[in-house]
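Source file target-v2.txt; content: compact mmCIF, N, CA and C atoms.
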# COMPACT_ATOMS: atom_id res chain seq x y z
N MET A 1 0.84 -1.18 0.00
CA MET A 1 0.00 0.00 0.00
C MET A 1 0.89 1.24 0.00
N ALA A 2 0.58 2.19 -0.87
CA ALA A 2 1.38 3.40 -0.98
C ALA A 2 1.19 4.30 0.23
N GLN A 3 2.25 4.98 0.62
CA GLN A 3 2.19 5.89 1.76
C GLN A 3 1.44 7.15 1.35
N SER A 4 0.58 7.65 2.24
CA SER A 4 -0.18 8.87 1.97
C SER A 4 0.77 10.07 1.95
N GLN A 5 0.52 10.97 1.02
CA GLN A 5 1.30 12.19 0.94
C GLN A 5 0.38 13.34 1.33
N TYR A 6 0.73 14.01 2.41
CA TYR A 6 -0.11 15.10 2.89
C TYR A 6 0.75 16.16 3.55
N GLU A 7 0.19 17.36 3.62
CA GLU A 7 0.82 18.45 4.35
C GLU A 7 -0.25 19.05 5.25
N ILE A 8 -0.02 19.01 6.55
CA ILE A 8 -0.95 19.64 7.47
C ILE A 8 -0.66 21.14 7.46
N ILE A 9 -1.59 21.90 6.92
CA ILE A 9 -1.43 23.35 6.80
C ILE A 9 -1.68 24.02 8.16
N GLN A 10 -2.76 23.58 8.84
CA GLN A 10 -3.08 24.15 10.14
C GLN A 10 -3.82 23.12 10.99
N GLU A 11 -3.35 22.94 12.20
CA GLU A 11 -4.06 22.08 13.15
C GLU A 11 -5.11 22.93 13.84
N LEU A 12 -6.39 22.55 13.68
CA LEU A 12 -7.48 23.35 14.23
C LEU A 12 -7.95 22.86 15.59
N TYR A 13 -8.07 21.54 15.76
CA TYR A 13 -8.58 21.00 17.02
C TYR A 13 -8.19 19.53 17.15
N ARG A 14 -7.77 19.16 18.36
CA ARG A 14 -7.52 17.76 18.67
C ARG A 14 -8.54 17.34 19.71
N PHE A 15 -9.36 16.37 19.39
CA PHE A 15 -10.37 15.88 20.31
C PHE A 15 -9.70 15.16 21.47
N PRO A 16 -10.35 15.16 22.64
CA PRO A 16 -9.76 14.46 23.79
C PRO A 16 -9.52 12.99 23.48
N ASP A 17 -8.42 12.47 24.01
CA ASP A 17 -8.08 11.06 23.80
C ASP A 17 -9.12 10.15 24.44
N VAL A 18 -9.35 9.01 23.79
CA VAL A 18 -10.23 7.99 24.34
C VAL A 18 -9.35 7.00 25.07
N PRO A 19 -9.60 6.78 26.37
CA PRO A 19 -8.76 5.85 27.13
C PRO A 19 -8.69 4.47 26.46
N GLY A 20 -7.47 3.93 26.36
CA GLY A 20 -7.27 2.61 25.78
C GLY A 20 -7.13 2.58 24.27
N SER A 21 -7.33 3.71 23.61
CA SER A 21 -7.22 3.75 22.15
C SER A 21 -5.87 4.29 21.73
N GLU A 22 -5.29 3.70 20.69
CA GLU A 22 -4.02 4.20 20.15
C GLU A 22 -4.23 5.40 19.24
N TYR A 23 -5.48 5.60 18.79
CA TYR A 23 -5.80 6.66 17.84
C TYR A 23 -6.48 7.84 18.54
N HIS A 24 -6.36 9.00 17.94
CA HIS A 24 -7.09 10.18 18.38
C HIS A 24 -7.63 10.88 17.14
N LYS A 25 -8.64 11.74 17.32
CA LYS A 25 -9.24 12.45 16.19
C LYS A 25 -8.76 13.89 16.18
N GLU A 26 -8.59 14.42 14.96
CA GLU A 26 -8.18 15.81 14.79
C GLU A 26 -8.96 16.44 13.65
N LEU A 27 -9.20 17.76 13.78
CA LEU A 27 -9.72 18.56 12.68
C LEU A 27 -8.58 19.45 12.22
N ASN A 28 -8.18 19.29 10.97
CA ASN A 28 -7.05 20.03 10.41
C ASN A 28 -7.40 20.59 9.04
N ILE A 29 -6.60 21.52 8.58
CA ILE A 29 -6.62 21.90 7.17
C ILE A 29 -5.43 21.18 6.55
N ILE A 30 -5.72 20.32 5.57
CA ILE A 30 -4.69 19.46 4.98
C ILE A 30 -4.73 19.55 3.46
N SER A 31 -3.56 19.48 2.86
CA SER A 31 -3.44 19.30 1.42
C SER A 31 -3.01 17.86 1.17
N TRP A 32 -3.86 17.10 0.48
CA TRP A 32 -3.56 15.71 0.13
C TRP A 32 -3.00 15.65 -1.28
N TYR A 33 -1.84 15.04 -1.43
CA TYR A 33 -1.22 14.83 -2.74
C TYR A 33 -1.08 16.12 -3.54
N GLY A 34 -0.79 17.23 -2.84
CA GLY A 34 -0.56 18.51 -3.50
C GLY A 34 -1.81 19.20 -4.00
N LYS A 35 -2.98 18.68 -3.65
CA LYS A 35 -4.24 19.29 -4.10
C LYS A 35 -4.64 20.44 -3.19
N GLN A 36 -5.74 21.11 -3.56
CA GLN A 36 -6.29 22.22 -2.79
C GLN A 36 -6.53 21.78 -1.35
N PRO A 37 -6.09 22.57 -0.36
CA PRO A 37 -6.33 22.21 1.04
C PRO A 37 -7.82 22.09 1.35
N CYS A 38 -8.15 21.22 2.31
CA CYS A 38 -9.53 21.02 2.72
C CYS A 38 -9.57 20.87 4.23
N TYR A 39 -10.78 20.98 4.78
CA TYR A 39 -10.99 20.69 6.20
C TYR A 39 -11.06 19.19 6.33
N ASP A 40 -10.26 18.64 7.20
CA ASP A 40 -10.08 17.20 7.27
C ASP A 40 -10.30 16.72 8.70
N LEU A 41 -11.22 15.79 8.86
CA LEU A 41 -11.50 15.19 10.17
C LEU A 41 -11.21 13.71 10.06
N ARG A 42 -10.22 13.24 10.84
CA ARG A 42 -9.86 11.83 10.78
C ARG A 42 -9.12 11.40 12.03
N SER A 43 -8.90 10.09 12.11
CA SER A 43 -8.15 9.49 13.22
C SER A 43 -6.67 9.40 12.86
N TRP A 44 -5.84 9.63 13.86
CA TRP A 44 -4.39 9.53 13.71
C TRP A 44 -3.84 8.64 14.81
N LYS A 45 -2.78 7.94 14.49
CA LYS A 45 -2.09 7.14 15.50
C LYS A 45 -0.82 7.88 15.89
N GLY A 46 -0.64 8.05 17.19
CA GLY A 46 0.56 8.73 17.67
C GLY A 46 0.64 10.16 17.17
N ASN A 47 1.85 10.58 16.86
CA ASN A 47 2.09 11.93 16.35
C ASN A 47 2.10 11.91 14.83
N HIS A 48 0.96 11.61 14.24
CA HIS A 48 0.77 11.52 12.80
C HIS A 48 1.60 10.40 12.18
N GLU A 49 1.84 9.33 12.97
CA GLU A 49 2.59 8.18 12.47
C GLU A 49 1.79 7.37 11.46
N LYS A 50 0.51 7.25 11.74
CA LYS A 50 -0.36 6.46 10.87
C LYS A 50 -1.70 7.17 10.77
N VAL A 51 -2.24 7.22 9.55
CA VAL A 51 -3.50 7.91 9.31
C VAL A 51 -4.64 6.90 9.22
N GLY A 52 -5.75 7.24 9.83
CA GLY A 52 -6.94 6.41 9.74
C GLY A 52 -7.93 6.98 8.75
N LYS A 53 -9.10 6.40 8.72
CA LYS A 53 -10.14 6.87 7.81
C LYS A 53 -10.68 8.20 8.29
N GLY A 54 -11.16 8.99 7.34
CA GLY A 54 -11.72 10.29 7.69
C GLY A 54 -12.48 10.89 6.54
N ILE A 55 -12.83 12.16 6.69
CA ILE A 55 -13.52 12.89 5.63
C ILE A 55 -12.80 14.19 5.37
N CYS A 56 -12.93 14.67 4.15
CA CYS A 56 -12.33 15.92 3.71
C CYS A 56 -13.46 16.78 3.16
N LEU A 57 -13.60 18.01 3.68
CA LEU A 57 -14.70 18.89 3.30
C LEU A 57 -14.19 20.23 2.80
N THR A 58 -14.90 20.81 1.83
CA THR A 58 -14.63 22.18 1.43
C THR A 58 -15.19 23.10 2.51
N GLU A 59 -14.89 24.38 2.44
CA GLU A 59 -15.43 25.33 3.41
C GLU A 59 -16.96 25.36 3.33
N ASP A 60 -17.52 25.35 2.13
CA ASP A 60 -18.98 25.35 1.97
C ASP A 60 -19.61 24.09 2.58
N GLU A 61 -18.98 22.94 2.37
CA GLU A 61 -19.50 21.69 2.94
C GLU A 61 -19.43 21.71 4.46
N LEU A 62 -18.36 22.26 5.01
CA LEU A 62 -18.22 22.36 6.46
C LEU A 62 -19.29 23.28 7.04
N ARG A 63 -19.54 24.41 6.38
CA ARG A 63 -20.58 25.34 6.84
C ARG A 63 -21.95 24.66 6.80
N GLU A 64 -22.22 23.90 5.75
CA GLU A 64 -23.49 23.18 5.64
C GLU A 64 -23.61 22.14 6.76
N LEU A 65 -22.54 21.42 7.03
CA LEU A 65 -22.54 20.42 8.10
C LEU A 65 -22.81 21.08 9.46
N ILE A 66 -22.19 22.22 9.72
CA ILE A 66 -22.41 22.94 10.96
C ILE A 66 -23.87 23.37 11.06
N SER A 67 -24.42 23.88 9.98
CA SER A 67 -25.81 24.33 9.97
C SER A 67 -26.78 23.21 10.27
N ILE A 68 -26.62 22.06 9.60
CA ILE A 68 -27.57 20.97 9.85
C ILE A 68 -27.36 20.35 11.22
N THR A 69 -26.12 20.37 11.71
CA THR A 69 -25.85 19.85 13.05
C THR A 69 -26.53 20.72 14.10
N GLU A 70 -26.47 22.03 13.93
CA GLU A 70 -27.16 22.94 14.86
C GLU A 70 -28.66 22.68 14.84
N ASP A 71 -29.23 22.47 13.65
CA ASP A 71 -30.67 22.18 13.54
C ASP A 71 -31.03 20.88 14.23
N LEU A 72 -30.16 19.88 14.12
CA LEU A 72 -30.44 18.58 14.74
C LEU A 72 -30.31 18.62 16.26
N LEU A 73 -29.36 19.39 16.77
CA LEU A 73 -29.08 19.39 18.20
C LEU A 73 -29.84 20.43 19.01
N PHE A 74 -30.26 21.52 18.36
CA PHE A 74 -30.88 22.60 19.14
C PHE A 74 -32.28 22.90 18.70
Encoding of this model in structure tokens:
Amino acid sequence: MAQSQYEIIQELYRFPDVPGSEYHKELNIISWYGKQPCYDLRSWKGNHEKVGKGICLTEDELRELISITEDLLF
């Protein structure tokens, strides 16, 4: 399996660690394979040693997600 090529442009938030888990979740702005940076939410092992599954959103998609989440929760 090929190694992922990414550049973390800005670390926005690291979610609290889950006891007993090797992975943690982060929200970052990342450029994958030299493409346009996106908002990226995924699991990481250690200090970005291994990347887990996640999602990559444009700013418009993130705003839409925030809007519908507010509607669902409040």
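Omitting Glu22 in chain A and its sequence neighbours fewer than 2 positions away, and counting all atoms listed in the file, the residues within 8 Å are A:Val18, A:Pro19, A:Gly20, A:His24, A:Lys25, A:Ser43, A:Trp44, A:Lys45, A:Gly46.
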- re atom C of Tyr33 in chain A and atom N of Tyr6 in chain A: distance 6.6 Å
- Pick from A:Cys38, A:Pro16, A:Tyr23, A:Ile9, whichever lies nearest to Glu61 in chain A using only C-alpha atoms: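 Nearest candidate to Glu61 in chain A out of A:Cys38, A:Pro16, A:Tyr23, A:Ile9: A:Cys38.
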- Just asking: which residues within chain A are helix (DSSP H, G or I) according to DSSP, as a ChimeraX atom specification? /A:59-73
Could you save those same residues with N, CA and C atoms as a tab-separated table (two decimals), in the frame of the given file?
chain	number	residue	atom	x	y	z
A	59	GLU	N	-14.89	24.38	2.44
A	59	GLU	CA	-15.43	25.33	3.41
A	59	GLU	C	-16.96	25.36	3.33
A	60	ASP	N	-17.52	25.35	2.13
A	60	ASP	CA	-18.98	25.35	1.97
A	60	ASP	C	-19.61	24.09	2.58
A	61	GLU	N	-18.98	22.94	2.37
A	61	GLU	CA	-19.50	21.69	2.94
A	61	GLU	C	-19.43	21.71	4.46
A	62	LEU	N	-18.36	22.26	5.01
A	62	LEU	CA	-18.22	22.36	6.46
A	62	LEU	C	-19.29	23.28	7.04
A	63	ARG	N	-19.54	24.41	6.38
A	63	ARG	CA	-20.58	25.34	6.84
A	63	ARG	C	-21.95	24.66	6.80
A	64	GLU	N	-22.22	23.90	5.75
A	64	GLU	CA	-23.49	23.18	5.64
A	64	GLU	C	-23.61	22.14	6.76
A	65	LEU	N	-22.54	21.42	7.03
A	65	LEU	CA	-22.54	20.42	8.10
A	65	LEU	C	-22.81	21.08	9.46
A	66	ILE	N	-22.19	22.22	9.72
A	66	ILE	CA	-22.41	22.94	10.96
A	66	ILE	C	-23.87	23.37	11.06
A	67	SER	N	-24.42	23.88	9.98
A	67	SER	CA	-25.81	24.33	9.97
A	67	SER	C	-26.78	23.21	10.27
A	68	ILE	N	-26.62	22.06	9.60
A	68	ILE	CA	-27.57	20.97	9.85
A	68	ILE	C	-27.36	20.35	11.22
A	69	THR	N	-26.12	20.37	11.71
A	69	THR	CA	-25.85	19.85	13.05
A	69	THR	C	-26.53	20.72	14.10
A	70	GLU	N	-26.47	22.03	13.93
A	70	GLU	CA	-27.16	22.94	14.86
A	70	GLU	C	-28.66	22.68	14.84
A	71	ASP	N	-29.23	22.47	13.65
A	71	ASP	CA	-30.67	22.18	13.54
A	71	ASP	C	-31.03	20.88	14.23
A	72	LEU	N	-30.16	19.88	14.12
A	72	LEU	CA	-30.44	18.58	14.74
A	72	LEU	C	-30.31	18.62	16.26
A	73	LEU	N	-29.36	19.39	16.77
A	73	LEU	CA	-29.08	19.39	18.20
A	73	LEU	C	-29.84	20.43	19.01
- Task: Grab the atom C of Ser31 in chain A to atom C of Asp17 in chain A distance for me, in Å with one decimal place.
- Result: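 Computing it gives 25.3 Å between the two atoms.
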- Message: Here is a test: counting all atoms listed in the file, which residue of A:Leu73, A:Val51, A:Leu65, A:Ile8 is nearest to Trp32 in chain A?
- Response: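 The closest residue to Trp32 in chain A is A:Ile8.
Reported to one decimal place, the separation of CA of Leu41 in chain A from atom C of Glu11 in chain A is 10.7 Å.
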